[in-house]
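Below is model13.cif, holding mmCIF, C-alpha atoms.
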data_query
loop_
_atom_site.group_PDB
_atom_site.id
_atom_site.type_symbol
_atom_site.label_atom_id
_atom_site.label_comp_id
_atom_site.auth_asym_id
_atom_site.auth_seq_id
_atom_site.Cartn_x
_atom_site.Cartn_y
_atom_site.Cartn_z
ATOM 1 C CA VAL A 48 119.079 95.396 -71.683
ATOM 2 C CA ALA A 49 117.882 91.886 -72.288
ATOM 3 C CA THR A 50 119.827 88.775 -71.554
ATOM 4 C CA SER A 51 121.027 86.912 -74.602
ATOM 5 C CA PRO A 52 118.640 84.057 -75.431
ATOM 6 C CA GLY A 53 121.535 81.598 -75.333
ATOM 7 C CA SER A 54 122.596 82.655 -71.847
ATOM 8 C CA SER A 55 119.326 81.738 -70.105
ATOM 9 C CA MET A 56 118.002 78.332 -69.238
ATOM 10 C CA ALA A 57 117.153 76.170 -72.243
ATOM 11 C CA SER A 58 113.399 76.292 -71.522
ATOM 12 C CA ASP A 59 113.403 80.081 -71.347
ATOM 13 C CA ARG A 60 112.950 82.326 -74.290
ATOM 14 C CA LEU A 61 113.272 86.026 -74.793
ATOM 15 C CA THR A 62 110.206 88.004 -73.781
ATOM 16 C CA ALA A 63 108.688 90.509 -76.177
ATOM 17 C CA THR A 64 109.468 93.265 -73.691
ATOM 18 C CA ASP A 65 113.140 92.257 -73.608
ATOM 19 C CA ALA A 66 113.388 91.949 -77.405
ATOM 20 C CA ILE A 67 111.916 95.434 -77.899
ATOM 21 C CA ALA A 68 114.011 97.000 -75.123
ATOM 22 C CA THR A 69 117.158 95.419 -76.602
ATOM 23 C CA TYR A 70 116.331 96.865 -80.017
ATOM 24 C CA ILE A 71 115.806 100.325 -78.511
ATOM 25 C CA GLU A 72 119.111 100.096 -76.641
ATOM 26 C CA ALA A 73 120.886 99.050 -79.861
ATOM 27 C CA LYS A 74 119.337 101.838 -81.944
ATOM 28 C CA ASP A 75 119.440 104.699 -79.457
ATOM 29 C CA HIS A 76 122.974 104.011 -78.200
ATOM 30 C CA ASN A 77 124.651 102.770 -81.401
ATOM 31 C CA ARG A 78 125.111 99.219 -80.133
ATOM 32 C CA PRO A 79 124.808 97.092 -83.302
ATOM 33 C CA GLU A 80 126.188 94.042 -81.500
ATOM 34 C CA LEU A 81 122.929 93.820 -79.508
ATOM 35 C CA MET A 82 120.724 93.343 -82.559
ATOM 36 C CA ALA A 83 121.430 89.586 -82.735
ATOM 37 C CA ASP A 84 119.965 89.282 -79.231
ATOM 38 C CA ALA A 85 116.683 90.821 -80.414
ATOM 39 C CA PHE A 86 116.308 89.795 -84.085
ATOM 40 C CA LEU A 87 116.527 86.528 -86.010
ATOM 41 C CA ASP A 88 119.258 86.123 -88.640
ATOM 42 C CA ASP A 89 116.598 86.045 -91.379
ATOM 43 C CA CYS A 90 114.456 88.856 -89.969
ATOM 44 C CA GLN A 91 112.496 91.207 -92.189
ATOM 45 C CA LEU A 92 111.992 94.965 -91.902
ATOM 46 C CA GLU A 93 109.350 96.934 -93.738
ATOM 47 C CA MET A 94 108.932 100.678 -93.400
ATOM 48 C CA MET A 95 106.248 103.119 -94.414
ATOM 49 C CA VAL A 96 107.508 106.703 -94.219
ATOM 50 C CA LYS A 97 104.670 109.229 -94.450
ATOM 51 C CA THR A 98 106.871 112.308 -94.191
ATOM 52 C CA THR A 99 109.674 113.913 -96.181
ATOM 53 C CA ALA A 100 111.488 115.000 -92.993
ATOM 54 C CA ILE A 101 113.398 111.714 -92.747
ATOM 55 C CA ALA A 102 114.365 108.993 -95.223
ATOM 56 C CA PHE A 103 114.645 105.228 -94.864
ATOM 57 C CA PRO A 104 114.587 102.361 -97.341
ATOM 58 C CA SER A 105 111.187 100.681 -97.601
ATOM 59 C CA ALA A 106 112.557 97.248 -96.697
ATOM 60 C CA ALA A 107 115.558 95.287 -95.469
ATOM 61 C CA VAL A 108 116.048 91.534 -95.162
ATOM 62 C CA GLY A 109 118.422 89.713 -92.861
ATOM 63 C CA LEU A 110 120.089 90.738 -89.632
ATOM 64 C CA GLU A 111 123.011 92.531 -91.302
ATOM 65 C CA GLN A 112 120.811 94.721 -93.527
ATOM 66 C CA VAL A 113 118.335 95.477 -90.734
ATOM 67 C CA THR A 114 121.187 96.386 -88.380
ATOM 68 C CA ARG A 115 122.731 98.639 -91.018
ATOM 69 C CA VAL A 116 119.450 100.505 -91.608
ATOM 70 C CA LEU A 117 118.214 100.765 -88.013
ATOM 71 C CA VAL A 118 121.490 101.177 -86.125
ATOM 72 C CA ARG A 119 124.639 101.901 -88.147
ATOM 73 C CA ASP A 120 123.258 104.282 -90.796
ATOM 74 C CA PHE A 121 120.838 105.870 -88.333
ATOM 75 C CA SER A 122 123.559 106.488 -85.726
ATOM 76 C CA ALA A 123 125.831 108.016 -88.359
ATOM 77 C CA GLN A 124 123.217 110.737 -88.878
ATOM 78 C CA TYR A 125 121.665 111.247 -85.418
ATOM 79 C CA ASP A 126 122.650 111.447 -81.780
ATOM 80 C CA ASN A 127 120.878 112.200 -78.492
ATOM 81 C CA VAL A 128 118.323 109.593 -79.587
ATOM 82 C CA ARG A 129 115.491 108.620 -77.236
ATOM 83 C CA THR A 130 112.832 106.172 -78.397
ATOM 84 C CA PHE A 131 109.719 105.421 -76.366
ATOM 85 C CA CYS A 132 107.131 102.681 -76.757
ATOM 86 C CA LEU A 133 103.792 104.027 -75.585
ATOM 87 C CA SER A 134 102.554 100.650 -74.323
ATOM 88 C CA ARG A 135 104.005 97.313 -73.246
ATOM 89 C CA PRO A 136 103.244 93.898 -74.724
ATOM 90 C CA PRO A 137 100.236 92.325 -72.964
ATOM 91 C CA SER A 138 102.102 89.099 -72.176
ATOM 92 C CA ASP A 139 105.632 87.725 -72.100
ATOM 93 C CA HIS A 140 105.352 85.823 -75.367
ATOM 94 C CA PRO A 141 102.807 87.288 -77.783
ATOM 95 C CA SER A 142 103.108 86.257 -81.414
ATOM 96 C CA GLN A 143 102.723 89.893 -82.404
ATOM 97 C CA PHE A 144 102.372 93.298 -80.799
ATOM 98 C CA ARG A 145 101.447 96.727 -82.134
ATOM 99 C CA CYS A 146 102.273 99.934 -80.305
ATOM 100 C CA ARG A 147 102.700 103.625 -80.912
ATOM 101 C CA TRP A 148 106.147 105.132 -80.507
ATOM 102 C CA LEU A 149 107.718 108.530 -79.982
ATOM 103 C CA VAL A 150 111.303 109.469 -80.840
ATOM 104 C CA GLY A 151 113.459 112.550 -80.432
ATOM 105 C CA MET A 152 117.017 113.170 -81.642
ATOM 106 C CA THR A 153 119.455 115.719 -82.973
ATOM 107 C CA ALA A 154 121.137 115.679 -86.373
ATOM 108 C CA ARG A 155 124.904 115.262 -86.172
ATOM 109 C CA GLN A 156 125.433 117.538 -89.177
ATOM 110 C CA ASP A 157 123.661 120.717 -88.031
ATOM 111 C CA GLY A 158 122.150 120.019 -84.589
ATOM 112 C CA ALA A 159 118.566 120.286 -85.863
ATOM 113 C CA VAL A 160 116.079 118.512 -83.617
ATOM 114 C CA ARG A 161 113.709 115.888 -84.962
ATOM 115 C CA VAL A 162 110.690 114.638 -83.053
ATOM 116 C CA GLY A 163 108.556 111.935 -84.615
ATOM 117 C CA CYS A 164 105.941 109.318 -83.942
ATOM 118 C CA GLY A 165 104.305 106.344 -85.552
ATOM 119 C CA ASN A 166 103.509 102.678 -85.051
ATOM 120 C CA TYR A 167 105.542 99.537 -84.580
ATOM 121 C CA ASP A 168 104.130 96.142 -85.598
ATOM 122 C CA TRP A 169 106.304 93.445 -84.036
ATOM 123 C CA HIS A 170 106.140 89.757 -85.027
ATOM 124 C CA PHE A 171 108.040 87.369 -82.770
ATOM 125 C CA HIS A 172 109.486 83.908 -83.440
ATOM 126 C CA PRO A 173 107.479 81.353 -81.426
ATOM 127 C CA GLY A 174 110.600 79.371 -80.526
ATOM 128 C CA ASP A 175 113.010 81.867 -79.005
ATOM 129 C CA GLY A 176 111.010 85.098 -78.860
ATOM 130 C CA ARG A 177 113.278 87.169 -81.084
ATOM 131 C CA VAL A 178 111.839 89.492 -83.719
ATOM 132 C CA ALA A 179 111.070 87.749 -87.005
ATOM 133 C CA ARG A 180 109.448 90.747 -88.699
ATOM 134 C CA LEU A 181 109.101 94.420 -87.875
ATOM 135 C CA PHE A 182 106.900 96.929 -89.650
ATOM 136 C CA ILE A 183 107.641 100.567 -88.803
ATOM 137 C CA GLU A 184 105.272 103.332 -89.777
ATOM 138 C CA ILE A 185 106.737 106.812 -89.476
ATOM 139 C CA ALA A 186 103.543 108.868 -89.358
ATOM 140 C CA LEU A 187 104.946 112.293 -88.444
ATOM 141 C CA MET A 188 108.371 113.883 -88.114
ATOM 142 C CA SER A 189 108.903 117.512 -87.140
ATOM 143 C CA VAL A 190 112.217 119.240 -87.762
ATOM 144 C CA LEU A 191 113.031 122.063 -85.367
ATOM 145 C CA PRO A 192 116.041 124.384 -85.272
ATOM 146 C CA ALA A 193 119.075 123.470 -83.174
ATOM 147 C CA GLU A 194 118.142 126.285 -80.759
ATOM 148 C CA ASP A 195 115.102 124.222 -79.666
ATOM 149 C CA ALA A 196 117.336 121.403 -78.361
ATOM 150 C CA GLY A 197 117.482 123.196 -75.001
ATOM 151 C CA ARG A 198 113.717 122.725 -74.666
ATOM 152 C CA ILE A 199 113.265 119.361 -76.383
ATOM 153 C CA LEU A 200 116.116 117.284 -74.916
ATOM 154 C CA PRO A 201 115.242 117.970 -71.233
ATOM 155 C CA TRP A 202 111.614 117.052 -71.942
ATOM 156 C CA LEU A 203 112.675 113.768 -73.597
ATOM 157 C CA SER A 204 115.101 113.001 -70.746
ATOM 158 C CA ALA A 205 112.297 113.312 -68.188
ATOM 159 C CA ILE A 206 109.984 110.773 -69.896
ATOM 160 C CA PRO A 207 110.086 107.224 -68.436
ATOM 161 C CA TYR A 208 112.418 105.297 -70.774
ATOM 162 C CA PRO A 209 111.803 103.298 -72.893
ATOM 163 C CA TRP A 210 108.218 102.523 -71.795
ATOM 164 C CA CYS A 211 105.632 105.177 -71.067
ATOM 165 C CA SER A 212 102.003 105.995 -71.622
ATOM 166 C CA GLY A 213 100.852 108.565 -74.149
ATOM 167 C CA PRO A 214 99.753 110.982 -71.421
ATOM 168 C CA ASP A 215 103.143 110.636 -69.677
ATOM 169 C CA ALA A 216 104.933 111.305 -72.965
ATOM 170 C CA VAL A 217 103.126 114.585 -73.648
ATOM 171 C CA ARG A 218 102.633 115.822 -70.068
ATOM 172 C CA ASP A 219 105.614 118.207 -70.169
ATOM 173 C CA MET A 220 105.947 118.482 -73.962
ATOM 174 C CA PRO A 221 107.091 122.015 -74.825
ATOM 175 C CA SER A 222 104.408 124.242 -76.328
ATOM 176 C CA ILE A 223 105.908 124.460 -79.799
ATOM 177 C CA GLU A 224 103.540 124.657 -82.756
ATOM 178 C CA ALA A 225 105.623 122.143 -84.746
ATOM 179 C CA LEU A 226 104.844 119.509 -82.067
ATOM 180 C CA ALA A 227 101.045 119.959 -82.041
ATOM 181 C CA ALA A 228 100.317 117.192 -84.575
ATOM 182 C CA ILE A 229 102.662 114.822 -82.732
ATOM 183 C CA ARG A 230 100.857 115.544 -79.443
ATOM 184 C CA ALA A 231 97.509 114.819 -81.140
ATOM 185 C CA PHE A 232 98.795 111.535 -82.619
ATOM 186 C CA ILE A 233 100.154 110.345 -79.276
ATOM 187 C CA VAL A 234 97.025 111.036 -77.239
ATOM 188 C CA ALA A 235 94.545 109.782 -79.875
ATOM 189 C CA ARG A 236 92.983 106.450 -79.022
#
Once you've parsed the file, please lay out its structure as structure tokens.
Amino acid sequence: VATSPGSSMASDRLTATDAIATYIEAKDHNRPELMADAFLDDCQLEMMVKTTAIAFPSAAVGLEQVTRVLVRDFSAQYDNVRTFCLSRPPSDHPSQFRCRWLVGMTARQDGAVRVGCGNYDWHFHPGDGRVARLFIEIALMSVLPAEDAGRILPWLSAIPYPWCSGPDAVRDMPSIEALAAIRAFIVAR
């Protein structure tokens, strides 16, 4: 988890890697208090959901709304969440960064397993390094029965977290037909 921007030396600023890792920690572990360490107060979220297997609003503005959408509401519906970025930012302080992601989780209501993938487009504040704008594309989301959790969750737990390569992410992916399109998306260049 990243250090709060205010707790480091005045000349330091949050790295892109730390901002993204802090967001993942907040989302995956229901830690809304961490979002202020990663996002600006006036941050913007835009989402493009290309599947009917999960629903999100298309936009949110401001830290409170973004935290509600990405952490509070999300955590109320899902647990056992593991999110992976399939590449790291190329430098400590890029102005923007695009990467593919993979996520797996179980639904609190019925235990169904969801595995999805897409793209993140991060835009960072040049002053302190926190996220000013985030665009999330949810390209694919597969819903599997609760009985598949015994195959999916161990696979997700074995992937380097939260950073891994596409090949590392799919190396031990269970051979389940519903995951074939996700495998193809992850390994495509």
Hey, can you check how far atom CA of A:Gln124 sits from atom CA of A:Pro209?
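Distance reported for this atom pair: 21.0 Å.
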Nearby residues (only C-alpha atoms) at most 8 Å from A:Thr64, same-chain spacing under 5 positions excluded, as a list in words
Arg135, Pro136 and Asp139 of chain A
Please provide the set of residues having any atom within 8 Å of A:Phe182, restricted to all atoms listed in the file, with same-chain residues fewer than 6 positions apart removed, written as a ChimeraX atom specification.
/A:92-95,167-169
Exercise on stretch 195-202 of chain A, axis-aligned box with 3 Å per side, report centre and edge lengths in Å to one decimal, as JSON:
{"center_x": 114.5, "center_y": 120.6, "center_z": -75.4, "size_x": 11.9, "size_y": 13.2, "size_z": 14.4}
The PyMOL selection byres ((chain A and resi 80) around 12) - which residues does that actually catch in the file I just gave you? List them as a ChimeraX atom specification.
/A:51,69-70,72-74,76-79,81-86,110-111,114-115,118-119
Could you name the residues that touch A:Asp175 at 6 Å or less, counting only C-alpha atoms, but leaving out those on the same chain fewer than 2 positions away, as a PyMOL selection string?
chain A and resi 60-61+177
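Closest approach to A:Ser142 among A:Gly109, A:Gly165, A:Gly158, A:Gly176: A:Gly176, based on only C-alpha atoms.
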Write out as an MDAnalysis selection string which residues come within 7 Å of A:Val96 when counting all atoms listed in the file, dropping same-chain ones fewer than 5 positions away.
chainID A and resid 184:186
Would you export the selected residues with C-alpha atoms as a compact mmCIF listing (two decimals), keeping the file's coordinate frame, please?
# COMPACT_ATOMS: atom_id res chain seq x y z
CA GLU A 184 105.27 103.33 -89.78
CA ILE A 185 106.74 106.81 -89.48
CA ALA A 186 103.54 108.87 -89.36
Report the distance between atom CA of A:Leu200 and atom CA of A:Leu133 in Å, rounded to one decimal place.
18.1 Å
Selection result for the PyMOL selection byres ((chain A and resi 194) around 12) on this file, as a compact mmCIF listing (two decimals) with C-alpha atoms, keeping the file's coordinate frame:
# COMPACT_ATOMS: atom_id res chain seq x y z
CA THR A 153 119.46 115.72 -82.97
CA ASP A 157 123.66 120.72 -88.03
CA GLY A 158 122.15 120.02 -84.59
CA ALA A 159 118.57 120.29 -85.86
CA VAL A 160 116.08 118.51 -83.62
CA VAL A 190 112.22 119.24 -87.76
CA LEU A 191 113.03 122.06 -85.37
CA PRO A 192 116.04 124.38 -85.27
CA ALA A 193 119.08 123.47 -83.17
CA ASP A 195 115.10 124.22 -79.67
CA ALA A 196 117.34 121.40 -78.36
CA GLY A 197 117.48 123.20 -75.00
CA ARG A 198 113.72 122.72 -74.67
CA ILE A 199 113.26 119.36 -76.38
CA LEU A 200 116.12 117.28 -74.92
